[in-house]
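A.B. asks: Hey, dropping input.txt in here, compact mmCIF, C-alpha atoms and all ligand atoms:
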# COMPACT_ATOMS: atom_id res chain seq x y z
CA MET A 1 -3.80 23.25 -20.51
CA VAL A 2 -4.88 19.63 -20.02
CA ARG A 3 -7.57 19.26 -17.30
CA ILE A 4 -7.05 16.28 -15.00
CA LEU A 5 -9.22 15.24 -12.06
CA ILE A 6 -7.63 12.98 -9.44
CA VAL A 7 -10.17 11.24 -7.21
CA GLY A 8 -8.57 10.37 -3.85
CA ALA A 9 -5.74 12.06 -1.94
CA GLY A 10 -4.00 8.97 -0.60
CA ILE A 11 -0.51 7.78 -1.53
CA ALA A 12 -1.34 7.34 -5.23
CA GLY A 13 -3.35 10.54 -5.65
CA LEU A 14 -0.91 12.83 -3.83
CA SER A 15 2.10 11.23 -5.56
CA LEU A 16 0.44 11.85 -8.93
CA ALA A 17 -0.44 15.44 -8.03
CA ARG A 18 3.19 16.12 -7.13
CA ALA A 19 4.59 14.31 -10.17
CA LEU A 20 2.29 16.35 -12.45
CA GLU A 21 3.18 19.61 -10.70
CA GLN A 22 6.86 18.79 -11.25
CA ARG A 23 6.04 18.69 -14.97
CA GLY A 24 4.03 21.89 -15.00
CA ILE A 25 0.54 20.31 -14.97
CA ILE A 26 -1.83 21.33 -12.18
CA PRO A 27 -4.66 18.83 -11.64
CA ASP A 28 -7.76 19.07 -9.43
CA VAL A 29 -7.98 16.64 -6.50
CA VAL A 30 -11.12 15.62 -4.64
CA GLU A 31 -10.96 13.73 -1.35
CA ARG A 32 -13.97 12.13 0.30
CA GLN A 33 -12.74 12.47 3.88
CA THR A 34 -13.52 15.57 5.87
CA THR A 35 -10.31 15.40 7.87
CA TRP A 36 -7.29 13.19 7.35
CA ASN A 37 -7.69 9.84 9.02
CA THR A 38 -4.24 8.35 8.60
CA GLY A 39 -3.16 7.73 12.19
CA GLY A 40 -2.52 4.58 14.12
CA THR A 41 -0.59 2.35 11.75
CA GLY A 42 2.77 2.15 10.02
CA LEU A 43 4.27 1.59 6.61
CA PHE A 44 7.27 -0.39 5.45
CA LEU A 45 8.92 0.88 2.28
CA PRO A 46 11.21 -1.54 0.41
CA GLY A 47 14.04 -0.10 -1.71
CA ASN A 48 12.03 0.32 -4.90
CA ALA A 49 9.49 2.42 -2.99
CA SER A 50 12.31 4.65 -1.66
CA ARG A 51 13.59 5.05 -5.19
CA ALA A 52 10.13 6.07 -6.41
CA PHE A 53 9.74 8.64 -3.61
CA SER A 54 13.23 9.90 -4.36
CA HIS A 55 12.13 10.59 -7.96
CA LEU A 56 9.35 12.68 -6.40
CA GLY A 57 12.03 14.53 -4.42
CA LEU A 58 10.53 13.39 -1.12
CA LEU A 59 13.09 10.81 0.03
CA PRO A 60 15.11 13.23 2.22
CA ASP A 61 11.93 14.22 4.11
CA ILE A 62 10.90 10.59 4.53
CA ALA A 63 14.36 9.43 5.58
CA ARG A 64 14.53 12.24 8.17
CA VAL A 65 11.64 10.75 10.17
CA ALA A 66 11.73 7.07 9.16
CA MET A 67 13.73 4.25 10.69
CA PRO A 68 16.23 2.55 8.37
CA ILE A 69 15.44 -1.17 8.16
CA ARG A 70 18.67 -3.05 7.54
CA TYR A 71 17.36 -6.57 8.07
CA GLN A 72 14.15 -8.50 7.52
CA ARG A 73 14.11 -11.37 10.01
CA PHE A 74 11.84 -14.37 9.78
CA LEU A 75 11.30 -16.36 12.99
CA SER A 76 9.34 -19.49 13.78
CA GLN A 77 6.40 -19.13 16.16
CA ASP A 78 8.62 -20.26 19.02
CA GLY A 79 11.05 -17.44 18.31
CA HIS A 80 13.87 -19.26 16.48
CA GLU A 81 15.43 -17.28 13.67
CA LEU A 82 14.82 -19.01 10.34
CA ASN A 83 16.59 -16.46 8.18
CA ALA A 84 17.66 -12.82 8.11
CA ILE A 85 17.79 -10.90 4.85
CA ASN A 86 20.34 -8.10 4.62
CA THR A 87 17.98 -5.62 2.99
CA GLU A 88 20.62 -2.90 2.84
CA ARG A 89 22.75 -5.08 0.62
CA PHE A 90 19.89 -6.46 -1.46
CA TRP A 91 18.36 -3.07 -2.27
CA SER A 92 21.65 -1.14 -2.54
CA ALA A 93 21.08 -0.29 -6.21
CA CYS A 94 17.65 1.20 -5.44
CA GLY A 95 17.47 2.90 -2.07
CA PRO A 96 17.12 2.22 1.63
CA CYS A 97 14.33 0.17 3.20
CA LEU A 98 12.48 2.46 5.60
CA ALA A 99 9.61 2.32 8.07
CA LEU A 100 7.51 5.18 9.41
CA SER A 101 4.04 5.97 10.65
CA ARG A 102 1.35 6.46 8.01
CA ALA A 103 0.47 9.82 9.49
CA GLU A 104 4.01 11.06 8.88
CA MET A 105 4.07 9.63 5.37
CA HIS A 106 0.79 11.32 4.54
CA SER A 107 1.85 14.67 5.90
CA ILE A 108 5.07 14.54 3.83
CA LEU A 109 3.07 13.72 0.68
CA LEU A 110 0.63 16.49 1.46
CA SER A 111 3.31 19.10 2.00
CA GLY A 112 4.86 18.01 -1.31
CA VAL A 113 1.79 19.23 -3.18
CA LYS A 114 2.15 22.99 -3.52
CA GLN A 115 -0.24 24.30 -6.17
CA THR A 116 -2.87 21.64 -6.67
CA PRO A 117 -6.23 22.45 -5.08
CA ILE A 118 -7.43 19.58 -2.86
CA ALA A 119 -11.18 19.73 -2.25
CA MET A 120 -11.97 17.89 0.99
CA SER A 121 -15.37 16.26 1.72
CA ARG A 122 -15.92 16.07 -2.01
CA SER A 123 -16.54 13.12 -4.26
CA ILE A 124 -18.00 12.12 -7.55
CA ASP A 125 -21.42 10.78 -8.34
CA GLN A 126 -21.27 9.97 -12.05
CA ILE A 127 -18.80 9.98 -14.91
CA GLN A 128 -19.85 10.15 -18.56
CA SER A 129 -16.78 9.12 -20.48
CA ALA A 130 -16.04 9.48 -24.16
CA SER A 131 -12.88 8.98 -26.20
CA ASP A 132 -11.86 12.66 -25.86
CA ALA A 133 -13.16 13.80 -22.44
CA CYS A 134 -15.15 12.97 -19.31
CA GLU A 135 -18.15 14.78 -17.91
CA VAL A 136 -18.03 14.42 -14.12
CA THR A 137 -21.01 15.01 -11.86
CA PHE A 138 -20.00 15.62 -8.26
CA GLU A 139 -22.08 14.60 -5.26
CA ASP A 140 -23.21 18.20 -4.84
CA GLY A 141 -24.78 18.05 -8.32
CA LYS A 142 -22.17 20.25 -10.05
CA THR A 143 -20.83 19.06 -13.40
CA GLU A 144 -17.39 19.63 -14.91
CA ARG A 145 -15.58 18.50 -18.00
CA TYR A 146 -12.09 16.94 -17.75
CA ASP A 147 -9.66 15.59 -20.31
CA LEU A 148 -8.82 12.77 -17.91
CA VAL A 149 -10.19 11.30 -14.67
CA VAL A 150 -7.77 9.32 -12.49
CA GLY A 151 -9.25 6.91 -9.96
CA ALA A 152 -6.78 6.99 -7.05
CA ASP A 153 -9.51 6.29 -4.54
CA GLY A 154 -8.23 3.09 -3.01
CA ILE A 155 -9.54 -0.40 -2.64
CA ARG A 156 -13.22 0.64 -2.46
CA SER A 157 -12.86 2.88 -5.51
CA ARG A 158 -15.97 4.73 -6.62
CA VAL A 159 -14.34 5.44 -9.99
CA ARG A 160 -13.79 1.71 -10.46
CA ASP A 161 -17.41 0.95 -9.55
CA LEU A 162 -18.66 3.53 -12.04
CA ALA A 163 -16.39 2.65 -14.94
CA PHE A 164 -15.34 -0.97 -14.45
CA ALA A 165 -18.28 -2.59 -12.69
CA SER A 166 -16.93 -6.12 -13.12
CA LEU A 167 -13.66 -5.31 -11.32
CA THR A 168 -14.28 -5.66 -7.59
CA SER A 169 -12.24 -6.37 -4.49
CA VAL A 170 -12.19 -9.92 -3.16
CA TYR A 171 -11.42 -11.35 0.27
CA ALA A 172 -7.85 -12.69 0.41
CA GLY A 173 -8.46 -15.20 3.21
CA TYR A 174 -6.90 -13.17 6.06
CA ILE A 175 -8.09 -10.84 8.78
CA CYS A 176 -5.60 -8.50 10.40
CA TRP A 177 -4.97 -6.19 13.33
CA ARG A 178 -2.63 -3.21 13.20
CA PHE A 179 -1.50 -0.67 15.77
CA LEU A 180 1.35 1.55 16.90
CA THR A 181 2.76 0.92 20.34
CA GLU A 182 5.80 1.64 22.45
CA ASN A 183 8.67 -0.54 21.31
CA THR A 184 8.97 -2.32 24.64
CA GLY A 185 10.37 -5.44 22.95
CA GLY A 186 13.38 -3.55 21.57
CA VAL A 187 12.59 -4.62 17.99
CA ASP A 188 15.38 -3.22 15.82
CA SER A 189 14.48 -4.57 12.38
CA TRP A 190 11.51 -5.86 10.35
CA THR A 191 10.72 -9.02 12.32
CA ALA A 192 8.04 -11.56 11.49
CA MET A 193 7.06 -14.68 13.44
CA ILE A 194 5.38 -17.21 11.20
CA GLY A 195 2.95 -19.78 12.61
CA GLN A 196 0.49 -21.91 10.68
CA GLY A 197 -2.09 -19.47 9.32
CA GLN A 198 -0.95 -16.74 11.73
CA THR A 199 1.73 -14.09 11.45
CA LEU A 200 2.96 -11.60 14.00
CA LEU A 201 5.12 -8.78 12.66
CA ALA A 202 6.74 -5.75 14.25
CA ILE A 203 8.74 -2.94 12.72
CA PRO A 204 10.35 0.04 14.48
CA VAL A 205 8.88 3.26 13.05
CA SER A 206 10.67 5.74 15.34
CA PRO A 207 13.30 5.49 18.08
CA SER A 208 10.54 4.68 20.60
CA MET A 209 7.56 3.29 18.66
CA ALA A 210 6.87 0.04 16.81
CA TYR A 211 4.21 -0.82 14.27
CA VAL A 212 2.59 -4.17 15.00
CA TYR A 213 0.75 -6.21 12.38
CA ALA A 214 -0.95 -9.50 13.27
CA ASP A 215 -2.97 -11.66 10.94
CA ARG A 216 -4.87 -14.91 10.86
CA SER A 217 -6.13 -17.04 8.00
CA VAL A 218 -9.91 -17.41 8.33
CA GLU A 219 -12.56 -18.68 5.91
CA LEU A 220 -14.80 -15.88 4.64
CA GLY A 221 -17.89 -17.14 6.42
CA ALA A 222 -16.04 -17.45 9.74
CA THR A 223 -14.74 -13.91 10.32
CA ARG A 224 -17.63 -12.74 12.50
CA PRO A 225 -16.23 -13.60 15.94
CA TYR A 226 -13.21 -11.35 15.29
CA SER A 227 -13.04 -7.59 15.81
CA ASP A 228 -10.76 -4.80 17.02
CA THR A 229 -11.36 -6.01 20.59
CA THR A 230 -10.19 -9.59 19.97
CA SER A 231 -7.58 -10.57 22.56
CA LEU A 232 -4.36 -10.84 20.57
CA GLU A 233 -2.68 -12.22 23.66
CA ARG A 234 -5.05 -15.19 23.53
CA LEU A 235 -4.91 -15.49 19.75
CA PHE A 236 -1.10 -15.66 19.80
CA SER A 237 -0.81 -17.72 22.99
CA GLY A 238 0.93 -20.46 21.00
CA PHE A 239 3.74 -18.02 20.11
CA SER A 240 6.80 -17.38 22.26
CA GLY A 241 9.71 -15.06 21.62
CA PRO A 242 10.59 -11.45 21.01
CA LEU A 243 7.32 -9.99 19.68
CA VAL A 244 4.89 -11.63 22.06
CA SER A 245 5.25 -8.92 24.71
CA LEU A 246 3.92 -6.38 22.19
CA VAL A 247 0.54 -8.12 21.93
CA LYS A 248 0.43 -9.10 25.60
CA THR A 249 0.51 -5.56 26.86
CA VAL A 250 -1.51 -3.52 24.37
CA PRO A 251 -2.45 -0.43 26.43
CA PRO A 252 -6.25 0.01 26.55
CA GLU A 253 -6.09 3.45 24.90
CA THR A 254 -4.36 2.00 21.82
CA LYS A 255 -6.42 2.30 18.65
CA VAL A 256 -6.35 -1.15 17.05
CA HIS A 257 -7.28 -1.21 13.37
CA PHE A 258 -9.03 -4.43 12.45
CA SER A 259 -9.87 -5.35 8.85
CA GLN A 260 -10.27 -8.10 6.32
CA ILE A 261 -7.51 -8.25 3.75
CA GLU A 262 -8.85 -7.79 0.25
CA THR A 263 -7.27 -7.63 -3.16
CA VAL A 264 -8.28 -6.27 -6.53
CA PRO A 265 -7.32 -8.98 -9.01
CA SER A 266 -5.73 -7.86 -12.24
CA GLY A 267 -8.21 -6.51 -14.76
CA THR A 268 -8.79 -3.50 -16.95
CA TRP A 269 -7.56 -0.16 -15.60
CA ARG A 270 -8.53 2.06 -18.49
CA ARG A 271 -11.72 3.03 -20.23
CA ASP A 272 -11.70 5.96 -22.66
CA ARG A 273 -10.39 8.88 -20.55
CA ILE A 274 -10.65 7.13 -17.18
CA ILE A 275 -7.63 5.42 -15.60
CA LEU A 276 -7.17 3.63 -12.28
CA ILE A 277 -3.93 3.75 -10.28
CA GLY A 278 -2.74 2.43 -6.89
CA ASP A 279 -5.05 0.22 -4.84
CA ALA A 280 -8.07 1.20 -6.95
CA ALA A 281 -6.44 -0.69 -9.83
CA HIS A 282 -4.47 -3.45 -8.15
CA ALA A 283 -4.67 -3.69 -4.36
CA SER A 284 -2.60 -6.68 -3.25
CA SER A 285 -2.29 -8.48 0.04
CA PRO A 286 0.38 -6.76 2.17
CA SER A 287 2.75 -9.78 1.99
CA MET A 288 5.25 -7.98 -0.25
CA ALA A 289 4.69 -4.51 1.30
CA GLU A 290 4.58 -3.13 -2.23
CA GLY A 291 1.33 -1.12 -2.12
CA ALA A 292 2.87 2.30 -1.53
CA GLY A 293 5.78 1.65 -3.88
CA LEU A 294 3.52 0.52 -6.72
CA ALA A 295 1.17 3.47 -6.14
CA CYS A 296 4.06 5.94 -6.37
CA GLU A 297 5.56 4.18 -9.39
CA ASP A 298 2.14 4.32 -11.14
CA ALA A 299 2.04 8.06 -10.46
CA LEU A 300 5.54 8.66 -11.83
CA VAL A 301 4.97 6.68 -15.01
CA LEU A 302 1.57 8.24 -15.69
CA ALA A 303 2.85 11.78 -15.12
CA GLU A 304 5.86 11.19 -17.33
CA LEU A 305 3.74 9.83 -20.18
CA LEU A 306 1.12 12.56 -19.92
CA SER A 307 3.72 15.31 -19.95
CA LYS A 308 5.75 13.87 -22.82
CA ASN A 309 2.87 12.78 -24.93
CA GLY A 310 0.38 15.31 -26.24
CA ALA A 311 -1.91 12.41 -27.14
CA ILE A 312 -3.64 11.40 -23.90
CA ASN A 313 -5.13 8.21 -25.33
CA LEU A 314 -1.69 6.99 -26.39
CA ALA A 315 -0.23 7.93 -23.00
CA LEU A 316 -2.89 5.84 -21.25
CA GLU A 317 -2.33 2.89 -23.55
CA VAL A 318 1.43 2.96 -22.94
CA PHE A 319 0.85 3.41 -19.18
CA VAL A 320 -1.10 0.14 -18.98
CA GLN A 321 1.53 -1.66 -21.07
CA ARG A 322 4.37 -0.38 -18.88
CA ARG A 323 2.72 -1.22 -15.56
CA GLU A 324 0.76 -4.44 -15.99
CA ARG A 325 3.63 -6.95 -15.95
CA ARG A 326 5.24 -5.56 -12.82
CA VAL A 327 1.92 -5.34 -10.99
CA ALA A 328 0.95 -8.88 -12.03
CA TRP A 329 4.30 -10.12 -10.74
CA VAL A 330 3.75 -8.55 -7.32
CA GLN A 331 0.23 -9.95 -7.10
CA LYS A 332 1.48 -13.43 -7.99
CA GLN A 333 4.23 -13.25 -5.36
CA CYS A 334 1.77 -12.04 -2.71
CA ALA A 335 -0.57 -14.94 -3.45
CA ALA A 336 2.32 -17.44 -3.23
CA ARG A 337 3.46 -15.97 0.12
CA ASP A 338 -0.10 -16.04 1.45
CA ARG A 339 -0.42 -19.72 0.51
CA MET A 340 2.90 -20.53 2.13
CA ARG A 341 1.78 -18.95 5.41
CA THR A 342 -1.06 -21.49 5.69
CA LEU A 343 1.35 -24.46 5.56
CA PRO A 344 2.02 -26.46 8.73
CA ALA A 345 5.10 -25.23 10.59
CA PHE A 346 7.00 -28.48 9.94
CA VAL A 347 6.83 -27.57 6.22
CA SER A 348 7.09 -23.74 6.26
CA SER A 349 9.91 -23.51 8.84
CA PRO A 350 12.46 -25.61 6.93
CA LEU A 351 11.32 -23.94 3.72
CA LEU A 352 12.03 -20.50 5.16
CA LYS A 353 15.22 -21.65 6.85
CA TYR A 354 16.87 -23.25 3.85
CA PHE A 355 15.23 -21.46 0.92
CA GLY A 356 14.07 -18.15 2.48
CA PRO A 357 16.90 -15.97 1.12
CA ALA A 358 16.57 -17.51 -2.35
CA LEU A 359 12.79 -17.00 -2.31
CA TYR A 360 13.23 -13.39 -1.20
CA LYS A 361 15.73 -12.78 -3.97
CA LYS A 362 13.48 -14.40 -6.55
CA SER A 363 10.40 -12.43 -5.60
CA TYR A 364 12.03 -8.99 -5.29
CA THR A 365 14.76 -9.09 -7.98
CA PRO A 366 12.42 -8.02 -10.83
CA LEU A 367 11.53 -4.92 -8.78
CA LEU A 368 15.16 -3.77 -8.76
CA ALA A 369 14.73 -2.94 -12.44
CA SER A 370 13.86 0.69 -13.03
CA ILE A 371 10.27 1.57 -13.90
C1 LIG A 401 -2.98 -4.44 6.44
C2 LIG A 401 -2.23 -3.70 5.40
C3 LIG A 401 -0.89 -3.42 5.57
C4 LIG A 401 -0.18 -2.76 4.57
N1 LIG A 401 1.15 -2.51 4.75
C5 LIG A 401 1.84 -1.90 3.77
C6 LIG A 401 3.23 -1.63 3.92
O1 LIG A 401 3.83 -1.89 4.95
N2 LIG A 401 3.89 -1.05 2.87
C7 LIG A 401 3.25 -0.71 1.71
O2 LIG A 401 3.88 -0.20 0.78
N3 LIG A 401 1.93 -0.94 1.56
C8 LIG A 401 1.22 -1.51 2.55
N4 LIG A 401 -0.11 -1.72 2.39
C9 LIG A 401 -0.75 -1.27 1.15
C10 LIG A 401 -0.91 0.24 1.10
O3 LIG A 401 -1.56 0.69 2.26
C11 LIG A 401 -1.76 0.63 -0.10
O4 LIG A 401 -1.30 -0.04 -1.24
C12 LIG A 401 -1.67 2.13 -0.35
O5 LIG A 401 -2.23 2.83 0.73
C13 LIG A 401 -2.42 2.47 -1.63
O6 LIG A 401 -2.53 3.84 -1.79
P1 LIG A 401 -3.75 4.45 -2.59
O7 LIG A 401 -3.50 5.91 -2.62
O8 LIG A 401 -3.94 3.71 -3.85
O9 LIG A 401 -5.03 4.12 -1.70
P2 LIG A 401 -5.41 4.71 -0.28
O10 LIG A 401 -4.20 4.89 0.55
O11 LIG A 401 -6.50 3.86 0.24
O12 LIG A 401 -5.99 6.18 -0.59
C14 LIG A 401 -7.22 6.35 -1.24
C15 LIG A 401 -7.73 7.76 -0.92
O13 LIG A 401 -8.92 7.98 -1.66
C16 LIG A 401 -9.93 8.49 -0.81
N5 LIG A 401 -11.22 8.11 -1.37
C17 LIG A 401 -11.81 6.90 -1.31
N6 LIG A 401 -12.98 6.92 -1.96
C18 LIG A 401 -13.14 8.18 -2.44
C19 LIG A 401 -14.13 8.81 -3.19
N7 LIG A 401 -15.22 8.16 -3.61
N8 LIG A 401 -13.98 10.12 -3.51
C20 LIG A 401 -12.88 10.82 -3.10
N9 LIG A 401 -11.89 10.25 -2.38
C21 LIG A 401 -12.01 8.95 -2.06
C22 LIG A 401 -9.62 7.88 0.54
O14 LIG A 401 -10.25 8.60 1.59
C23 LIG A 401 -8.10 7.94 0.55
O15 LIG A 401 -7.63 9.19 1.00
C24 LIG A 401 -0.85 -2.36 3.38
C25 LIG A 401 -2.19 -2.61 3.21
C26 LIG A 401 -2.89 -3.28 4.21
C27 LIG A 401 -4.35 -3.57 4.00
Would it be possible to restate this file's structure as structure tokens?
C.D. replies:
Amino acid sequence: MVRILIVGAGIAGLSLARALEQRGIIPDVVERQTTWNTGGTGLFLPGNASRAFSHLGLLPDIARVAMPIRYQRFLSQDGHELNAINTERFWSACGPCLALSRAEMHSILLSGVKQTPIAMSRSIDQIQSASDACEVTFEDGKTERYDLVVGADGIRSRVRDLAFASLTSVYAGYICWRFLTENTGGVDSWTAMIGQGQTLLAIPVSPSMAYVYADRSVELGATRPYSDTTSLERLFSGFSGPLVSLVKTVPPETKVHFSQIETVPSGTWRRDRIILIGDAAHASSPSMAEGAGLACEDALVLAELLSKNGAINLALEVFVQRRERRVAWVQKQCAARDRMRTLPAFVSSPLLKYFGPALYKKSYTPLLASI
């Protein structure tokens, strides 16, 4: 039986573990965290992500707890609707757009893995890779031999550092705040208010809760004054309209997640018997909300190739060929959206008003194609 080590039990790692189990392959998984730390934020899943999770057999569980998102609305910073995309119609060939808390998503992924051992508080120290196997030294000094090591360990990937030293994450020019809060504004769809260099977004993730995401474009050297205690009310004082109440009244007990947005620009994902998937390979800015979908698609394609193809090296080669164009497309679209969000409102508002639906269609249509 082929021996596979998956490093990281996030969306990519757990999706891969399940996809392999479905094909009769039981990998080992190591996860650095001692306990799961997935609370406090939300996740939007466009239709191609739903389709990927439906191939994993998890869509019914996700849909049971998630909110269906039938529209994506773009507003100006003074609250005027610029355009509303009927996501139900656009993604009808794929699956529903959904939103849920990350904690719920993670627990569904976790319960979908039945036989794979997941070693918590465990990580790797070194990997010696050759064309036919990898010798892995764990942090506790133990060594094991695997036919394949999969780096599914996210944007700060240790596997990537060990095997692809030149591929590192880079600052994308934005800092962001994220939290879950009571949906006091009655937000009923994905709703974003776009100001110059600032975005305020809210999505319902349950009948009573909303996920709030706020970002600001800041030069790398100028991020220091900002933190999880920054007053979002003050930061978004130039905004008026439906979402403003959500940042005005953040209850003090709310855990606000503050971070810089980073990306992993396209590069090499494979060396000998080491492969990167998910954010470890290609973290993008969240502008397309494609991170979870791409991670799950990576997992499905890799599992399919490994199970069909006795030759692991060939499977890895084909995996990179099948994934790189789609991933590069998403990264290009994210960068274009990020640039657009820095434009003055007198340019971006008419652009979104008159060309928004066409731009949406252009950027997402390639993702309707099956993987
Ligand atoms: C602000 C923001 C908003 C986003 N919003 C969305 C959204 O709405 N929709 C969407 O689809 N995507 C979104 N994304 C992207 C999405 O979160 C990621 O693409 C997705 O989580 C990637 O999954 P992953 O499994 O590759 O990485 P992760 O989810 O980061 O999982 C990596 C796992 O590996 C573990 N790990 C790390 N290092 C080690 C190690 N050395 N050894 C063992 N284990 C290790 C971690 O603890 C973690 O469990 C957003 C991202 C950001 C930054």
A.B. asks: Please give me, as an MDAnalysis selection string, the residues lying within 8 Å of ligand LIG 401 (chain A) when counting all atoms listed in the file.
C.D. replies: chainID A and resid 7:14 30:33 36:37 42:46 49 99 121:124 152:159 176:178 213 259:262 277:281 283:295
A.B. asks: Excluding Met340 (chain A) and any residue of its chain fewer than 6 positions from it, enumerate the residues within 12 Å of it, using only C-alpha atoms, and give them as number ranges by chain.
C.D. replies: A: 194-199, 217, 287, 333-334, 346-352, 356, 359
A.B. asks: Per residue of region 173-218 of chain A within 7 Å of region 64-81 of chain A, which atom pair is closest and at what distance in Å (one decimal), using only C-alpha atoms, listed by chain and increasing number, as JSON lines?
C.D. replies:
{"residue": "A:Ser189", "atom": "CA", "partner": "A:Ile69", "partner_atom": "CA", "distance": 5.5}
{"residue": "A:Trp190", "atom": "CA", "partner": "A:Gln72", "partner_atom": "CA", "distance": 4.7}
{"residue": "A:Thr191", "atom": "CA", "partner": "A:Arg73", "partner_atom": "CA", "distance": 4.7}
{"residue": "A:Ala192", "atom": "CA", "partner": "A:Phe74", "partner_atom": "CA", "distance": 5.0}
{"residue": "A:Met193", "atom": "CA", "partner": "A:Leu75", "partner_atom": "CA", "distance": 4.6}
{"residue": "A:Ile194", "atom": "CA", "partner": "A:Ser76", "partner_atom": "CA", "distance": 5.2}
{"residue": "A:Gly195", "atom": "CA", "partner": "A:Gln77", "partner_atom": "CA", "distance": 5.0}
{"residue": "A:Pro204", "atom": "CA", "partner": "A:Met67", "partner_atom": "CA", "distance": 6.6}
{"residue": "A:Val205", "atom": "CA", "partner": "A:Met67", "partner_atom": "CA", "distance": 5.5}
{"residue": "A:Ser206", "atom": "CA", "partner": "A:Met67", "partner_atom": "CA", "distance": 5.8}
A.B. asks: Report, in Å to a single decimal, how far apart CA of Leu56 (chain A) and CA of Cys296 (chain A) are.
C.D. replies: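 Answer for the CA of Cys296 (chain A) to CA of Leu56 (chain A) separation: 8.6 Å.
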A.B. asks: How many Å separate CA of Gly173 (chain A) from CA of Arg341 (chain A)?
C.D. replies: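 These two atoms are separated by 11.1 Å.
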A.B. asks: Point out the residue among A:Glu304, A:Glu144, A:Glu297, A:Glu135 with the least atom-to-atom distance to Asn48 (chain A), counting all atoms listed in the file.
C.D. replies: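 The closest residue to Asn48 (chain A) is A:Glu297.
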A.B. asks: If we count only C-alpha atoms and set the cut-off at 10 Å, which residues sit around region 227-233 of chain A, ignoring sequence neighbours fewer than 2 positions away in its own chain? Please answer as a CSV table (one decimal) with C-alpha atoms, keeping the file's coordinate frame.
C.D. replies:
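Done, and the output landed in around.csv:
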chain,number,residue,atom,x,y,z
A,175,ILE,CA,-8.1,-10.8,8.8
A,176,CYS,CA,-5.6,-8.5,10.4
A,177,TRP,CA,-5.0,-6.2,13.3
A,178,ARG,CA,-2.6,-3.2,13.2
A,200,LEU,CA,3.0,-11.6,14.0
A,214,ALA,CA,-1.0,-9.5,13.3
A,215,ASP,CA,-3.0,-11.7,10.9
A,223,THR,CA,-14.7,-13.9,10.3
A,224,ARG,CA,-17.6,-12.7,12.5
A,225,PRO,CA,-16.2,-13.6,15.9
A,235,LEU,CA,-4.9,-15.5,19.8
A,236,PHE,CA,-1.1,-15.7,19.8
A,237,SER,CA,-0.8,-17.7,23.0
A,238,GLY,CA,0.9,-20.5,21.0
A,239,PHE,CA,3.7,-18.0,20.1
A,244,VAL,CA,4.9,-11.6,22.1
A,245,SER,CA,5.2,-8.9,24.7
A,246,LEU,CA,3.9,-6.4,22.2
A,247,VAL,CA,0.5,-8.1,21.9
A,248,LYS,CA,0.4,-9.1,25.6
A,249,THR,CA,0.5,-5.6,26.9
A,250,VAL,CA,-1.5,-3.5,24.4
A,252,PRO,CA,-6.2,0.0,26.6
A,255,LYS,CA,-6.4,2.3,18.6
A,256,VAL,CA,-6.4,-1.2,17.0
A,257,HIS,CA,-7.3,-1.2,13.4
A,258,PHE,CA,-9.0,-4.4,12.4
A,259,SER,CA,-9.9,-5.4,8.8
A,260,GLN,CA,-10.3,-8.1,6.3
A.B. asks: So how far away is CA of Asp338 (chain A) from CA of Tyr354 (chain A), in Å?
C.D. replies: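 Answer for the CA of Tyr354 (chain A) to CA of Asp338 (chain A) separation: 18.6 Å.
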A.B. asks: For Asp28 (chain A), which residue among A:Ala130, A:Arg102, A:Ser107, A:Tyr146 is the nearest when counting only C-alpha atoms?
C.D. replies: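 Result for the nearest residue to Asp28 (chain A): A:Tyr146.
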A.B. asks: For each of A:Arg337, A:Arg325, A:Arg89, A:Lys308, take the minimum atom-to-atom distance to Ala172 (chain A), counting all atoms listed in the file, then give the residue where this is smallest.
C.D. replies: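 Counting all atoms listed in the file, the residue closest to Ala172 (chain A) is A:Arg337.
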A.B. asks: Rank A:Thr365, A:Ser208, A:Asn83, A:Thr41 by their smallest atom-to-atom distance to Leu180 (chain A), using all atoms listed in the file, and report the top residue only.
C.D. replies: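 For Leu180 (chain A), the nearest of the candidates is A:Thr41.
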A.B. asks: Using only C-alpha atoms, which of A:Gly24, A:Gly267, A:Gly39, A:Pro344 sits nearest Leu167 (chain A)?
C.D. replies: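 Going through A:Gly24, A:Gly267, A:Gly39, A:Pro344 one by one, the smallest distance to Leu167 (chain A) is for A:Gly267.
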A.B. asks: Between A:Gly141, A:Gly241, A:Gly186, A:Pro117, which one has atoms that come closest to Pro27 (chain A), using only C-alpha atoms?
C.D. replies: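 So, comparing all the options, the nearest one is A:Pro117.
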A.B. asks: Using only C-alpha atoms, which protein or nucleic acid residues come within 8 Å of Ile25 (chain A)? Drop anything in the same chain fewer than 5 positions from it, and give the result as a PyMOL selection string.
C.D. replies: chain A and resi 1-2+20+307
A.B. asks: So that all listed atoms of region 159-165 of chain A fit with 8 Å spare on each side, what axis-aligned box centre and edge lengths in Å, to one decimal, would you give as AutoDock Vina command-line options?
C.D. replies:
--center_x -16.2 --center_y 1.4 --center_z -12.2 --size_x 20.9 --size_y 24.0 --size_z 21.4
